[in-house]
Structure formats: C-alpha cells, structure tokens
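S.K.: One structure coming up, written as structure tokens, with questions to follow.
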Amino acid sequence: MQFRLSRDVFSDAVQWTSRAVQQRPTIPILSAVKISARENEVEFSTFDYEVSARSRVEAVVTEAGEALVSGRLITEIAKALPNQDVVLTLNDNHVDVECGRAKFSLQVMPIEDYPDLPTLPTLAGKVDGQAFSQAVSQVAIATSKDDTLPLLTGVRVEIDGSRITLLATDRYRLALRELEWNPESPSFSTEFLVKARVLNDVARNLGSGGPVDVSLTQGGATERAAIIGFSAGERQATSSLMDGDYPPVRKLFPEVTPMEYVCSRQELLEAVKRVSLVVERKTPVRLVFEDGALTLDAGAGESAQAQEAVPLVTAGAPLRTAFNPDYLRDGLASLDTEFVRFGFTDANKAAVMMGQPEENGEADLMFKYLLMPIRFGA
C-alpha cells in the first residue's frame with residue numbers, strides 16, 4: 001500500500017474518523033484506525049461495535065492495500081505535520097508516514113482481527129444540515145452526564161411524517177425541539193433513543209454544509225430502529241440505538257402558562273453571567289419579576305453578593321423564583337432570538353422558556369426549554 005495526498009485532507013479525514021475510537025477499549029484493536037487504499041481513493045474508518053465512522057478522500061494511489069494503525073498516534077501525527085503532501089507506505093509490519101522532512105513509522109495491528117464495519121441502513125430521509133446541527137445542540141445540553149442513568153444520556157427522537165421532534169432531560173430541565181425534514185415516505189413514523197454524544201458529534205461535523213442523509217434499519221413503520229446512519233458527502237457514521245423506555249416527558253410541558261414575562265435575551269444572559277460570579281456550587285440565582293423589571297439576586301449573608309435588573313417588555317403578576325444559574329444560562333444561550341419569554345403556571349413549578357423574535361410578536365414554539373425551580377427562603 002502506498003498513496004499521496006495533501007496534509008489538510010489527510011488531517012481532516014483522520015480526525016473525523018478517529019472520533020469513534022475508544023480511549024480505553026476492552027479490546028485493544030478497537031483503538032485502531034483502518035486505512036484502505038484503492039484506485040484513486042483512500043478510506044479511513046473506525047468501529048467499536050457500537051459506533052462507526054468512515055471518510056473517503058481522493059489520493060494518488062501507487063499501490064492498493066490495507067493497514068490498521070493506532071488511532072491515537074495517527075491522529076496526533078496528523079495534527080502536527082507540516083503543510084506539505086503526505087505519503088503513506090506499508091512496509092511489512094509498519095506504516096511509514098512522510099511529510100516534508102518529518103518521518104514516522106507506525107506498527108500495524110493484525111487487520112484480520114478487525115470487525116467488519118456496518119453498512120448504511122435504508123435511507124429514511126434528508127434533513128438540512130444547519131437546521132439539524134442547531135436542533136441537536138439545543139437539545140443535547142439537557143441530557144444527563146450521569147452514566148448511572150443511561151437512558152437520560154440519550155436523545156429521544158420522534159418522527160411523524162415530515163416532522164422530527166428531539167427530546168432530552170436530566171430530571172432538572174427538559175428540552176424539546178421540532179424541525180422539518182424530507183422523509184422518503186410521507187407516512188413514515190418511528191421513535192428511538194440515540195446517544196447524545198454521538199448525535200451531537202455527528203450534527204456538529206456533518207451539519208456545516210448541505211443536506212444530511214438519515215438512514216434507519218427497521219422492521220416496520222412503528223417499530224424501533226436498531227441502527228441509525230448519517231452521511232454527507234464522503235463522510236458516514238453509524239450508531240446502534242439505545243434500549244429502554246424513555247420517560248413520558250412531553251406531558252411535563254403545561255398546555256397554558258397564565259403568567260408570562262418577556263425581556264431581552266442577550267441582556268438577561270449577560271446579567272446572569274455577571275451575577276453568577278458570586279454563586280457557589282449548587283447555589284441558585286434568585287429571580288424577582290415585578291414593577292416592569294426582572295431582578296437577579298445572588299449570594300447571602302457575609303459572603304459575596306450581586307444584584308442586577310433587566311427591563312421587562314411584558315410582565316404578568318409579581319413572581320419570585322430561583323434557578324440553577326448554569327441551567328438558566330444554557331437555556332438562554334441555546335436560543336437565537338432577540339427576546340426570551342418565560343411562562344409560569346405557578347412560582348413553585350417549572351418555567352417554560354421560549355424564544356420570541358419580535359418585542360410584541362409570538363413565541364417560537366419550535367423550541368421549548370423547561371426549567372425546574374429551586375426552593376429558597378424568604
């Protein structure tokens with residue numbers, strides 16, 4: 001095996017593919033990147049029995065062949081190479097990497113022991129890459145980081161015709177995002193749970209340009225899928241889906257919020273950042289909605305304190321509540337509208353945050369962020 005390609009193409013392909021490599025795999029060979037050269041194309045691929053990634057790039061192939069090398073080493077090498085063409089050559093049990101005056105020799109692993117990569121399932125539809133990337137980032141922030149609750153580390157995906165709904169919760173907040181897509185069948189309907197880490201990584205790296213193909217293996221229109229696949233250009237990724245019944249979180253969103261307040265999203269976001277500077281871990285920021293202003297208050301007693309007020313564009317009855325400042329900040333940062341609308345049924349119950357494009361307009365119902373309050377003394 002021998003081929004030549006540009007440093008940037010080589011680095012991008014290796015870094016994209018190595019995202020699926022396990023850092024501490026139970027089987028050492030799963031930490032490898034597989035390199036396959038044929039005709040005028042080279043494919044870099046990884047697979048750990050759950051997640052796969054592959055990237056095909058054009059190259060000047062002198063000799064076809066395959067090799068398996070350490071994913072960590074080849075990724076670090078690819079990042080550090082000078083800006084010149086890269087030549088990879090398989091010599092017996094080593095892959096030599098040459099770029100300008102830099103030379104490396106990597107020991108190969110037994111390729112016959114490497115598992116076969118899964119093929120892409122049946123195409124289910126296409127989604128706009130940028131819309132998909134934004135939707136996933138808005139929802140993924142609400143997934144749990146606690147591995148003892150594996151179901152909550154995933155994103156629930158519900159598909160009904162041309163509408164995709166993404167849901168995620170960590171028990172303290174809940175995010176819901178809807179977006180349109182182009183299904184292969186107008187009557188297509190399914191639901192499944194996918195790892196947030198995988199979905200977020202795929203959306204961030206495939207959603208930068210053009211549509212993303214979404215593929216699913218399934219036995220019927222309403223049955224859960226076993227594998228999901230994503231592809232854009234010459235990059236592909238697959239992931240096995242999570243088992244288990246996701247909690248019925250949709251019903252947590254109230255049908256009506258009689259107490260509503262609207263203010264500048266950016267002003268409030270900056271105020272939360274400043275006020276939370278004095279907040280110790282797990283200490284809430286108190287919010288008081290009254291007299292046409294939202295007042296944020298943090299700290300108490302002899303410790304550091306901070307207070308700041310933001311004008312309210314729309315104000316309901318006076319209300320006092322408190323939130324985890326990190327969760328509040330995440331919700332505000334995930335919106336992309338000029339204004340934010342808070343909806344309450346009661347001061348002691350969860351608030352619904354939504355974006356509002358115009359001062360006196362309607363809220364954008366495509367994204368909702370439910371935030372549980374933290375009780376505090378008077």
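By order in the structure tokens, chains are A, B, ...; within a chain, residues start at 1; ligands start at 1, following the order shown.
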Find the residues near Ala226 of chain A: any atom within 8 Å, counting only C-alpha atoms, skip ones fewer than 5 places away on the same chain, and give them as JSON, numbers by chain.
M.R.: {"A": [216, 217, 218, 240, 241]}
S.K.: Residues of the last selection are to be written out with C-alpha atoms, as an mmCIF file, in the first residue's frame.
M.R.:
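And here's result_23.cif as it stands now:
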data_model
loop_
_atom_site.group_PDB
_atom_site.id
_atom_site.type_symbol
_atom_site.label_atom_id
_atom_site.label_comp_id
_atom_site.auth_asym_id
_atom_site.auth_seq_id
_atom_site.Cartn_x
_atom_site.Cartn_y
_atom_site.Cartn_z
ATOM 1 C CA LEU A 216 -32.547 3.595 9.718
ATOM 2 C CA THR A 217 -32.843 -0.163 9.965
ATOM 3 C CA GLN A 218 -36.329 -1.137 10.999
ATOM 4 C CA SER A 240 -26.506 1.384 17.493
ATOM 5 C CA LEU A 241 -29.555 2.731 19.281
#
S.K.: Which polymer residues have any atom within 6 Å of an atom of Pro211 of chain A, counting only C-alpha atoms, with same-chain residues fewer than 4 positions away left out, as a PyMOL selection string?
M.R.: chain A and resi 127-129
S.K.: Would you export the selected residues with C-alpha atoms as a PDB file, in the first residue's frame, please?
M.R.:
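What landed in part-v2.pdb:
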ATOM      1  CA  VAL A 127     -32.565  16.937   6.754  1.00  0.00           C
ATOM      2  CA  ASP A 128     -30.987  20.354   6.314  1.00  0.00           C
ATOM      3  CA  GLY A 129     -27.535  20.163   7.857  1.00  0.00           C
TER       4      GLY A 129
END
S.K.: Which residue out of A:Lys349, A:Arg265, A:Arg177, A:Arg19 has the minimum interatomic distance to Thr337 of chain A when only C-alpha atoms are used?
M.R.: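 Comparing A:Lys349, A:Arg265, A:Arg177, A:Arg19 against Thr337 of chain A, the winner is A:Arg265.
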S.K.: Excluding Asn200 of chain A and its own-chain neighbours fewer than 5 positions away, which residues fall within 8 Å of it when counting only C-alpha atoms? Please give them as a list in words.
M.R.: Ser133, Val136, Ser137 and Ala140 of chain A
S.K.: Next, dump the selected residues to file, keeping only N, CA, C and O atoms, as an mmCIF file, in the first residue's frame.
M.R.:
data_model
loop_
_atom_site.group_PDB
_atom_site.id
_atom_site.type_symbol
_atom_site.label_atom_id
_atom_site.label_comp_id
_atom_site.auth_asym_id
_atom_site.auth_seq_id
_atom_site.Cartn_x
_atom_site.Cartn_y
_atom_site.Cartn_z
ATOM 1 N N SER A 133 -28.036 20.566 12.920
ATOM 2 C CA SER A 133 -26.964 20.864 13.857
ATOM 3 C C SER A 133 -27.452 21.769 14.988
ATOM 4 O O SER A 133 -27.163 21.537 16.171
ATOM 5 N N VAL A 136 -29.949 19.789 17.371
ATOM 6 C CA VAL A 136 -29.273 18.848 18.261
ATOM 7 C C VAL A 136 -28.543 19.587 19.372
ATOM 8 O O VAL A 136 -28.582 19.183 20.537
ATOM 9 N N SER A 137 -27.865 20.674 19.049
ATOM 10 C CA SER A 137 -27.127 21.421 20.075
ATOM 11 C C SER A 137 -28.074 22.011 21.108
ATOM 12 O O SER A 137 -27.740 22.081 22.298
ATOM 13 N N ALA A 140 -29.258 18.741 23.204
ATOM 14 C CA ALA A 140 -28.222 17.934 23.866
ATOM 15 C C ALA A 140 -27.763 18.521 25.192
ATOM 16 O O ALA A 140 -27.293 17.794 26.071
#
S.K.: Could you pull the residues within 12 Å of Arg171 of chain A, counting only C-alpha atoms, minus those fewer than 3 positions along the same chain, as an NGL selection string?
M.R.: :A and (142-146 or 149 or 151-153 or 168 or 174-175 or 247-249 or 252 or 327 or 350 or 370-373)
S.K.: Please compute the atom CA of Gly71 of chain A-atom CA of Thr122 of chain A distance, one decimal, in Å.
M.R.: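 The value is 29.0 Å.
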S.K.: Here is a test: counting only C-alpha atoms, which residue of A:Thr345, A:Asn182, A:Gln2, A:Ser334 is nearest to Val97 of chain A?
M.R.: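 For Val97 of chain A, the nearest of the candidates is A:Gln2.
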S.K.: Just the strand (DSSP E or B) stuff from segment 15-163 of chain A, please, per backbone DSSP, written as a PyMOL selection string.
M.R.: chain A and resi 32-38+41-47+51-58+60-63+65-70+86-91+94-99+102-107+122-128+154-160+163
S.K.: Quick one: contact table of segment 64-164 of chain A to segment 53-56 of chain A, 12 Å max, nearest atom pair and distance in Å to one decimal per residue, counting only C-alpha atoms, chain and number order, as JSON lines?
M.R.:
{"residue": "A:Leu117", "atom": "CA", "partner": "A:Ala53", "partner_atom": "CA", "distance": 8.7}
{"residue": "A:Pro118", "atom": "CA", "partner": "A:Ala53", "partner_atom": "CA", "distance": 9.7}
{"residue": "A:Thr119", "atom": "CA", "partner": "A:Arg54", "partner_atom": "CA", "distance": 10.7}
{"residue": "A:Leu120", "atom": "CA", "partner": "A:Ala53", "partner_atom": "CA", "distance": 10.7}
S.K.: Would you output that residue set with all heavy atoms, as a CSV table (one decimal), in the first residue's frame?
M.R.:
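Full text of result_22.csv as output:
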chain,number,residue,atom,x,y,z
A,117,LEU,N,-17.1,-3.3,9.3
A,117,LEU,CA,-17.9,-2.1,9.6
A,117,LEU,C,-19.4,-2.4,9.1
A,117,LEU,O,-19.6,-3.0,8.0
A,117,LEU,CB,-17.4,-0.9,8.9
A,117,LEU,CG,-16.4,-0.1,9.7
A,117,LEU,CD1,-15.1,-0.8,9.8
A,117,LEU,CD2,-16.2,1.3,9.0
A,118,PRO,N,-20.4,-1.8,9.8
A,118,PRO,CA,-21.7,-2.0,9.4
A,118,PRO,C,-22.0,-1.1,8.1
A,118,PRO,O,-21.4,-0.1,8.0
A,118,PRO,CB,-22.6,-1.5,10.5
A,118,PRO,CG,-21.6,-0.5,11.3
A,118,PRO,CD,-20.3,-1.1,11.1
A,119,THR,N,-22.9,-1.6,7.3
A,119,THR,CA,-23.2,-0.8,6.1
A,119,THR,C,-24.3,0.2,6.5
A,119,THR,O,-25.1,0.0,7.5
A,119,THR,CB,-23.7,-1.7,4.9
A,119,THR,OG1,-24.8,-2.5,5.4
A,119,THR,CG2,-22.6,-2.6,4.5
A,120,LEU,N,-24.5,1.2,5.7
A,120,LEU,CA,-25.5,2.2,6.0
A,120,LEU,C,-26.9,1.5,5.8
A,120,LEU,O,-27.1,0.8,4.9
A,120,LEU,CB,-25.4,3.4,5.1
A,120,LEU,CG,-24.5,4.5,5.4
A,120,LEU,CD1,-24.5,5.6,4.3
A,120,LEU,CD2,-24.8,5.1,6.8
S.K.: Residues within 10 Å of segment 32-44 of chain A, please, as a count of residues only. Count only C-alpha atoms; anything in the same chain fewer than 5 positions from it doesn't count.
M.R.: 45
S.K.: Choose the residue, out of A:Asp213, A:Glu280, A:Asp48, A:Asp85, that has the smallest atom-to-atom separation from Ser303 of chain A; count only C-alpha atoms.
M.R.: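 When distances to Ser303 of chain A are compared using only C-alpha atoms, the smallest one comes from A:Glu280.
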S.K.: Can you check which residues of segment 107-327 of chain A DSSP gives as alpha helix (DSSP H) on the backbone and send them as an MDAnalysis selection string?
M.R.: chainID A and resid 129:140 196:206 265:275 325:327
S.K.: Between A:Glu112, A:Leu193, A:Glu267, A:Val214, which residue has the minimum interatomic distance to Asp243 of chain A, considering only C-alpha atoms?
M.R.: A:Leu193
S.K.: Rank A:Gly125, A:Pro318, A:Gly229, A:Pro325 by their smallest atom-to-atom distance to Glu270 of chain A, using only C-alpha atoms, and report the top residue only.
M.R.: A:Pro325
S.K.: For a quick check of understanding, using only C-alpha atoms, which of A:Pro311, A:Gly154, A:Pro357, A:Gly331 has the smallest distance to Asp245 of chain A?
M.R.: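 With only C-alpha atoms as the atom set, the closest residue is A:Gly154.
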S.K.: Show me, as an NGL selection string, the residues that have an atom within 12 Å of Glu359 of chain A when counting only C-alpha atoms, minus same-chain residues fewer than 6 positions from it.
M.R.: :A and (261-265 or 312-314 or 337-341)
S.K.: Any idea what the distance is between atom CA of Asn91 of chain A and atom CA of Leu106 of chain A?
M.R.: 10.0 Å
